[in-house]
Amino acid sequence: MTELTSKTIAELRDGFRSGEFMAREIAEAFNAAVSAAKSLNAYTVETPDDALAAADAADKARGSGELGSLAGIPLGIKDLFATRGVDTTAGSRILAGFRPSYESTVTANLRKAGAGMLGKLNMDEFAMGSSNETSAYGPVISPWRRKGSNVALTPGGSSGGSAAAVAADIAPGVTGTDTGGSIRQPAAFTGICGIKPTYGRCSRWGVVAFASSLDQAGPMAKSVRDCAILLEAMAGFDPKDSTSLDLPMPRWEAGLSSDLRGKRVGIPREYRIDGVPAEINALWDRGIEWLRDAGAEPVEISLPHTKYALPTYYIIAPAEASSNLARYDGVRYGIRVDGSDGLNGMYSATRAEGFGAEVKRRIMIGTYVLSAGFYDAYFTKAQKVRALIKQDFRKAFEQCDVILTPTAPSAAFGIGETTDPLAMYLNDVFAVPASLAGLPAMSVPGGLDAQGLPLGLHLIGNELDEQTVLNAGLAIEERAGFTARPEKWW
Amino acid sequence: MVEMADATAPFRIKGETGEWEVVVGLEVHAQITATASKLFSGAATAFGAEPNTQVSLVDAAMPGMLPVPNRECIRQAVRTGMALDAKINKWSRFDRKNYFYADLPQGYQISQLYHPLVGEGEIEVLPDEQDEASAKRIGIERIHVEQDAGKLMHDQHATMSYVDLNRCGVALMEIVSRPDMRSPAEAGAYLRKLRSILRYVGSCDGNMEEGSMRADVNVSVRKPGGAFGTRTETKNVNSVRFVMQVIEHEARRQVELIEGGGEVVQETRLYDPDKGVTRSLRSKEDAHDYRYFPDPDLLPLELDEAFLDECRASLPELPGAKRKRYEALGITPYNAGVLTAEVETARWFDALLEAGAEPRHAANWVVAELFGALNRLGKHIDESPVSPAQAAELLGLVSDGTISGTIAKQVLEIMLDSGEGAGQIVESRGLKQTSDTGAIDAEIDKVLAANADKVGEYKAGKQQLFGFFVGQVMKAMAGKANPQVVNERLRTKLS
């Protein structure tokens, strides 16, 4: 049975369709793996019955010819997605015990495609964090360890439970969300693939909001093909989300091709940043060669405003978050702590106890940058810089079809090792510009560092051009030959 | 000691240091009642529903819920702007106004601060309806669209407050005037005219009792022609009368304050209609920092020409234009004003004209007779027991000489009572006017014979007795004689 859990979604789908195994066998294998992996703390809720019910429905439907694209595939769901009747906490104490009466559009789409749910995946509180350490439900432990060490490592974040689940074979694929790298950095840290599509591809309806203008759902899985399969099922126009894109849905899986002849790969000179380990730059160089080998032509490009991306992000995202998180006030759902001073006392006590330090920090930053007297200096200025960053990319895509960079400036670090918030924010230095520009971007595993930890390569595509991102990812995947797996210790 | 100046002169507050002028601006919140659903959610908006029965997941701000603009609400606000001759902004945007309160589940109100849907416009008001010369234009600064909040109920529990979210998310138009008003009367006229226009357009029912229209009243005082003083804002005033009271009270309070050596502070006040006073709610120092910023859940609102054309084409004839049309039909300016003030009256009157009534005569009759009758019955024109078609029939009987004006009054009373048609009443009760000279002559002869002394006086020069003879003849014929024929025959016989 363990070998079923190490298969890709494409393999599981094909094996199920050809009758090699039953959907129920797949679900049972994963349910067993999930319950045996509690020490990873990847799942906050396990829903084995949900996975089994979907599997049984798939088994019944097989032969009818009416199978959804994900029939027989159980998935892990990041706890930011509202799931009907199942605890949805966004990794926060303030939503402890909250069971929505509704299902997010993305998970509803996945269910419509036949997928079942293995459980809800742990994450940084309200998706604010790069290490999963801000979760109110304890950090996720990465299945990966440094060579000869048993120091507990972070899987990255905020989609840390999602990344760990795929890497540890306790979900064949998962949902993630990415506001400033939350899919891509954990994918890089755990040796898996993850794509954030163009802003507006996936509905935000029913996804607990962090920063509305940046939040975007996407899949994480073992392979580029699996990401294409999942993204096709997740994405699509949703009239319930005003920012959702009303455009025809490409058939990304069918469009997969690692033949990059005629494509130009942009290499941004400003991404050669001081302090980035040499092996990361060396991997980047290897990535350039792999894409050249696939037929693409590398071209140097300039993204001059990149250096302002991180500060810009840390104004806009907290500003939106400070407003988005105002609804957690103890009045209608989640926890309520009675204070000493009427309504305001209840608000203070509830939010003081319900939110963790990082969330409080960002609410305070966001409140500050929107305050009278500071708004223009911070928020308005940041919006202008954001426009310049978008313009950088627009110009760059006149010269190239896809951009290659490292995903993160380091491999996974140990839990508790990074305590300075600013150092933590640097994790997303390569990921954030694409978020600010709303562009599709993906991380694919490129190799291992000297300590045996995965490193990722990062592809940024033009607006709506997920296909080129996936194709370049596929070209790297085929050439990198990344087959390393974490040694099972859990 | 402060005293009011007399009504015909500009409104002045007389203080110890001389006369003061009051400066008023109004922010009117008008609920878009034309739509049955809220601004950003599909929830219903009926008044008086059980608490929390008209609340969607969006209104309750459940995690992950998103607002989607209700196109019909936008359309109604655009039509309203057009009716106020205002500039429609083809590009506008929603902003979040952030503050914590239990009636505001999102923790922010979606409003429009930086780029409102509607820009500058104006309203012409007539503070003294009898005096065309009192006409004045009041500037509109902007109209923006925003969400209403819910309602707290403090009387349901000994120590806790309850929240009703039915109103939460209901679409409001905030109509902001320029500080162009200078008296309670002008503010009252502005509010009445604005309400009238909203009701013509149909965007808002103007019902202040049910809260679908309420005003924030900005008042300051200054020496006539001087620089603007510091203003106070009295929130949520819910009748025209109260708005006028607030202005008068605030103006007097401010004058007394300044003349007593004090200073007006910029603050938010509340009106207590029972005591007739305003009291401070919060000062500028305690004012919220609302941290407005563009709502990232919503795209900018972009309106195309086709949409604007449709909005324009859907507008009804508005009170100003209708009034001019009525006047051109020979209706007096006063009557035209009265008939166009309320959309229901105008609709009723238009139907009367449609049914063929002569405009001048019809206008006089509606204002003098019908309004009087409805008043006695305590009914609004909407509920008039007499339909426009029935009224046209009655007026037709007068103008073709079938009945006299006097008889018409009787017929109307019977119509109101029985619901019968005028023609039928006249027929069945024998009220038809007679022009039969034989019958009239016979009655005249009887009257003159019975009043020989008065005939003598008349012939001796007491001309005013003529009316007496007419009256006697009419009385003898139970009002059914054609007064014109009676006049003619009497003159002949007395000459």
# chains A, B, ... in the order shown; residues from 1 in each chain; ligands from 1
>>> interface_residues(of="chain A", to="chain B", cutoff="10 Å", atoms="only C-alpha atoms", output="PyMOL selection string")
chain A and resi 80-82+88-90+95+98+100-104+204-214+239-244+319-320+322-333+342-344+347+366-372+374-375+379-380
>>> residues_around(residues="A:Tyr271", least_positions_apart="4", cutoff="8 Å", atoms="only C-alpha atoms", output="VMD selection string")
chain A and resid 306 405 430
>>> residues_around(residues="A:Ala163", least_positions_apart="5", cutoff="7 Å", atoms="only C-alpha atoms", output="PyMOL selection string")
chain A and resi 155+186-187+190+220
>>> write_last_selection(atoms="C-alpha atoms", output="CSV table (one decimal), in the first residue's frame")
chain,number,residue,atom,x,y,z
A,155,PRO,CA,8.7,23.2,5.8
A,186,PRO,CA,7.5,25.9,1.1
A,187,ALA,CA,7.5,24.0,-2.2
A,190,THR,CA,10.3,20.5,0.6
A,220,MET,CA,1.1,22.0,-4.7
>>> residues_around(residues="stretch 293-304 of chain A", least_positions_apart="5", cutoff="12 Å", atoms="only C-alpha atoms", output="PyMOL selection string")
chain A and resi 257-272+285-288+309+385+388-405+430+433-434+437+468+471-480
>>> write_last_selection(atoms="C-alpha atoms", output="PDB file, in the first residue's frame")
ATOM      1  CA  SER A 257       5.415  20.487 -23.605  1.00  0.00           C
ATOM      2  CA  SER A 258       9.042  20.752 -22.561  1.00  0.00           C
ATOM      3  CA  ASP A 259      10.071  21.853 -26.022  1.00  0.00           C
ATOM      4  CA  LEU A 260      11.024  25.475 -25.443  1.00  0.00           C
ATOM      5  CA  ARG A 261      12.386  26.269 -28.898  1.00  0.00           C
ATOM      6  CA  GLY A 262      11.603  29.863 -29.803  1.00  0.00           C
ATOM      7  CA  LYS A 263      11.118  30.865 -26.153  1.00  0.00           C
ATOM      8  CA  ARG A 264      13.322  33.417 -24.427  1.00  0.00           C
ATOM      9  CA  VAL A 265      14.128  33.034 -20.742  1.00  0.00           C
ATOM     10  CA  GLY A 266      14.667  36.288 -18.899  1.00  0.00           C
ATOM     11  CA  ILE A 267      17.417  36.358 -16.269  1.00  0.00           C
ATOM     12  CA  PRO A 268      16.932  39.471 -14.116  1.00  0.00           C
ATOM     13  CA  ARG A 269      20.280  40.969 -13.236  1.00  0.00           C
ATOM     14  CA  GLU A 270      18.918  42.594 -10.048  1.00  0.00           C
ATOM     15  CA  TYR A 271      18.184  39.154  -8.571  1.00  0.00           C
ATOM     16  CA  ARG A 272      21.878  38.484  -8.000  1.00  0.00           C
ATOM     17  CA  ASP A 285      23.057  28.787 -13.476  1.00  0.00           C
ATOM     18  CA  ARG A 286      22.264  25.108 -13.930  1.00  0.00           C
ATOM     19  CA  GLY A 287      18.628  26.049 -14.434  1.00  0.00           C
ATOM     20  CA  ILE A 288      19.612  28.462 -17.204  1.00  0.00           C
ATOM     21  CA  ALA A 309       9.358  44.951  -3.698  1.00  0.00           C
ATOM     22  CA  VAL A 385       5.904  51.546  -6.432  1.00  0.00           C
ATOM     23  CA  LEU A 388       6.307  50.579 -11.232  1.00  0.00           C
ATOM     24  CA  ILE A 389       7.043  46.954 -10.404  1.00  0.00           C
ATOM     25  CA  LYS A 390       4.209  45.876 -12.682  1.00  0.00           C
ATOM     26  CA  GLN A 391       5.622  48.115 -15.364  1.00  0.00           C
ATOM     27  CA  ASP A 392       9.066  46.507 -14.929  1.00  0.00           C
ATOM     28  CA  PHE A 393       7.528  43.153 -15.710  1.00  0.00           C
ATOM     29  CA  ARG A 394       5.536  44.498 -18.649  1.00  0.00           C
ATOM     30  CA  LYS A 395       8.717  45.795 -20.198  1.00  0.00           C
ATOM     31  CA  ALA A 396      10.608  42.614 -19.379  1.00  0.00           C
ATOM     32  CA  PHE A 397       8.005  40.474 -21.104  1.00  0.00           C
ATOM     33  CA  GLU A 398       8.593  42.429 -24.281  1.00  0.00           C
ATOM     34  CA  GLN A 399      12.021  40.800 -24.259  1.00  0.00           C
ATOM     35  CA  CYS A 400      11.293  37.365 -22.870  1.00  0.00           C
ATOM     36  CA  ASP A 401       8.550  34.748 -22.402  1.00  0.00           C
ATOM     37  CA  VAL A 402       9.356  33.495 -18.931  1.00  0.00           C
ATOM     38  CA  ILE A 403      11.689  34.600 -16.135  1.00  0.00           C
ATOM     39  CA  LEU A 404      13.941  32.267 -14.140  1.00  0.00           C
ATOM     40  CA  THR A 405      15.193  33.027 -10.609  1.00  0.00           C
ATOM     41  CA  PHE A 430      12.371  36.474  -4.924  1.00  0.00           C
ATOM     42  CA  PRO A 433       7.592  40.839  -6.984  1.00  0.00           C
ATOM     43  CA  ALA A 434       5.404  38.372  -8.955  1.00  0.00           C
ATOM     44  CA  ALA A 437       2.371  42.163 -10.206  1.00  0.00           C
ATOM     45  CA  THR A 468       4.726  28.748 -20.490  1.00  0.00           C
ATOM     46  CA  ASN A 471       6.255  24.087 -19.743  1.00  0.00           C
ATOM     47  CA  ALA A 472       9.486  25.643 -18.519  1.00  0.00           C
ATOM     48  CA  GLY A 473       8.886  23.888 -15.185  1.00  0.00           C
ATOM     49  CA  LEU A 474       8.475  20.616 -17.030  1.00  0.00           C
ATOM     50  CA  ALA A 475      11.721  21.191 -18.939  1.00  0.00           C
ATOM     51  CA  ILE A 476      13.573  21.737 -15.663  1.00  0.00           C
ATOM     52  CA  GLU A 477      11.860  18.761 -14.019  1.00  0.00           C
ATOM     53  CA  GLU A 478      12.925  16.467 -16.869  1.00  0.00           C
ATOM     54  CA  ARG A 479      16.521  17.663 -16.708  1.00  0.00           C
ATOM     55  CA  ALA A 480      17.025  18.129 -12.976  1.00  0.00           C
TER      56      ALA A 480
END
>>> closest_atom_pairs(of="stretch 132-238 of chain A", to="stretch 350-355 of chain A", cutoff="12 Å", atoms="only C-alpha atoms", output="CSV")
residue,atom,partner,partner_atom,distance
A:Thr134,CA,A:Phe355,CA,9.8
A:Ser135,CA,A:Phe355,CA,10.0
A:Ala136,CA,A:Phe355,CA,8.4
>>> atom_distance(atom1="atom CA of A:Ala412", atom2="atom CA of A:Ser39")
18.2 Å
>>> residues_around(residues="B:Thr230", least_positions_apart="2", cutoff="8 Å", atoms="only C-alpha atoms", output="JSON, numbers by chain")
{"B": [220, 221, 228, 232, 264, 265, 266]}
>>> write_last_selection(atoms="C-alpha atoms", output="PDB file, in the first residue's frame")
ATOM      1  CA  SER B 220     -22.324  77.167  11.738  1.00  0.00           C
ATOM      2  CA  VAL B 221     -22.976  80.857  12.360  1.00  0.00           C
ATOM      3  CA  PHE B 228     -17.473  80.693   7.825  1.00  0.00           C
ATOM      4  CA  THR B 232     -21.089  71.158  14.276  1.00  0.00           C
ATOM      5  CA  VAL B 264     -17.764  76.518  18.939  1.00  0.00           C
ATOM      6  CA  VAL B 265     -15.906  73.210  18.778  1.00  0.00           C
ATOM      7  CA  GLN B 266     -16.047  70.986  15.735  1.00  0.00           C
TER       8      GLN B 266
END
>>> select_by_dssp(residues="stretch 169-200 of chain A", states="strand (DSSP E)", output="ChimeraX atom specification")
/A:173-178,193-196
>>> residues_around(residues="B:Phe466", least_positions_apart="2", cutoff="10 Å", atoms="only C-alpha atoms", output="list in words")
Lys454, Val455, Tyr458, Lys462, Gln463, Gln464, Phe468, Phe469, Val470, Gly471, Asn487, Leu490, Arg491 and Leu494 of chain B
>>> closest_residue(among="A:Ala36, A:Leu459, A:Leu256, A:Ala411", to="A:Glu279", atoms="only C-alpha atoms")
A:Ala411
>>> select_by_dssp(residues="stretch 244-352 of chain A", states="alpha helix (DSSP H)", output="number ranges by chain")
A: 278-293, 309-324, 342-352
>>> write_last_selection(atoms="C-alpha atoms", output="JSON list (two decimals), in the first residue's frame")
[["chain", "number", "residue", "atom", "x", "y", "z"],
["A", 278, "ALA", "CA", 26.81, 30.28, -3.77],
["A", 279, "GLU", "CA", 25.08, 26.95, -4.24],
["A", 280, "ILE", "CA", 21.80, 28.74, -4.85],
["A", 281, "ASN", "CA", 23.39, 30.87, -7.55],
["A", 282, "ALA", "CA", 25.05, 27.75, -8.95],
["A", 283, "LEU", "CA", 21.66, 26.02, -9.14],
["A", 284, "TRP", "CA", 20.28, 29.09, -10.88],
["A", 285, "ASP", "CA", 23.06, 28.79, -13.48],
["A", 286, "ARG", "CA", 22.26, 25.11, -13.93],
["A", 287, "GLY", "CA", 18.63, 26.05, -14.43],
["A", 288, "ILE", "CA", 19.61, 28.46, -17.20],
["A", 289, "GLU", "CA", 21.54, 25.66, -18.92],
["A", 290, "TRP", "CA", 18.62, 23.23, -18.58],
["A", 291, "LEU", "CA", 16.28, 25.71, -20.25],
["A", 292, "ARG", "CA", 18.86, 26.41, -22.97],
["A", 293, "ASP", "CA", 19.05, 22.66, -23.48],
["A", 309, "ALA", "CA", 9.36, 44.95, -3.70],
["A", 310, "LEU", "CA", 9.74, 43.63, -0.17],
["A", 311, "PRO", "CA", 9.16, 46.97, 1.62],
["A", 312, "THR", "CA", 6.25, 47.67, -0.72],
["A", 313, "TYR", "CA", 4.74, 44.30, 0.05],
["A", 314, "TYR", "CA", 5.16, 44.86, 3.79],
["A", 315, "ILE", "CA", 3.09, 48.02, 3.53],
["A", 316, "ILE", "CA", 0.31, 46.84, 1.22],
["A", 317, "ALA", "CA", -0.21, 43.37, 2.67],
["A", 318, "PRO", "CA", -0.42, 44.48, 6.33],
["A", 319, "ALA", "CA", -2.62, 47.45, 5.37],
["A", 320, "GLU", "CA", -5.17, 45.16, 3.73],
["A", 321, "ALA", "CA", -4.79, 42.59, 6.50],
["A", 322, "SER", "CA", -5.44, 45.16, 9.24],
["A", 323, "SER", "CA", -8.83, 45.79, 7.64],
["A", 324, "ASN", "CA", -9.59, 42.19, 6.59],
["A", 342, "GLY", "CA", -17.97, 46.62, 27.79],
["A", 343, "LEU", "CA", -17.77, 46.24, 24.03],
["A", 344, "ASN", "CA", -14.29, 47.73, 23.60],
["A", 345, "GLY", "CA", -13.00, 45.62, 26.46],
["A", 346, "MET", "CA", -14.40, 42.50, 24.82],
["A", 347, "TYR", "CA", -12.80, 43.44, 21.49],
["A", 348, "SER", "CA", -9.40, 43.99, 23.11],
["A", 349, "ALA", "CA", -9.48, 40.87, 25.23],
["A", 350, "THR", "CA", -10.70, 38.69, 22.36],
["A", 351, "ARG", "CA", -8.15, 39.94, 19.88],
["A", 352, "ALA", "CA", -5.33, 39.96, 22.43]]
>>> atom_distance(atom1="atom CA of A:Asp420", atom2="atom CA of A:Ala127")
17.8 Å
>>> closest_residue(among="A:Val359, A:Ala51, A:Ala484, A:Val166", to="A:Gly446", atoms="only C-alpha atoms")
A:Ala484
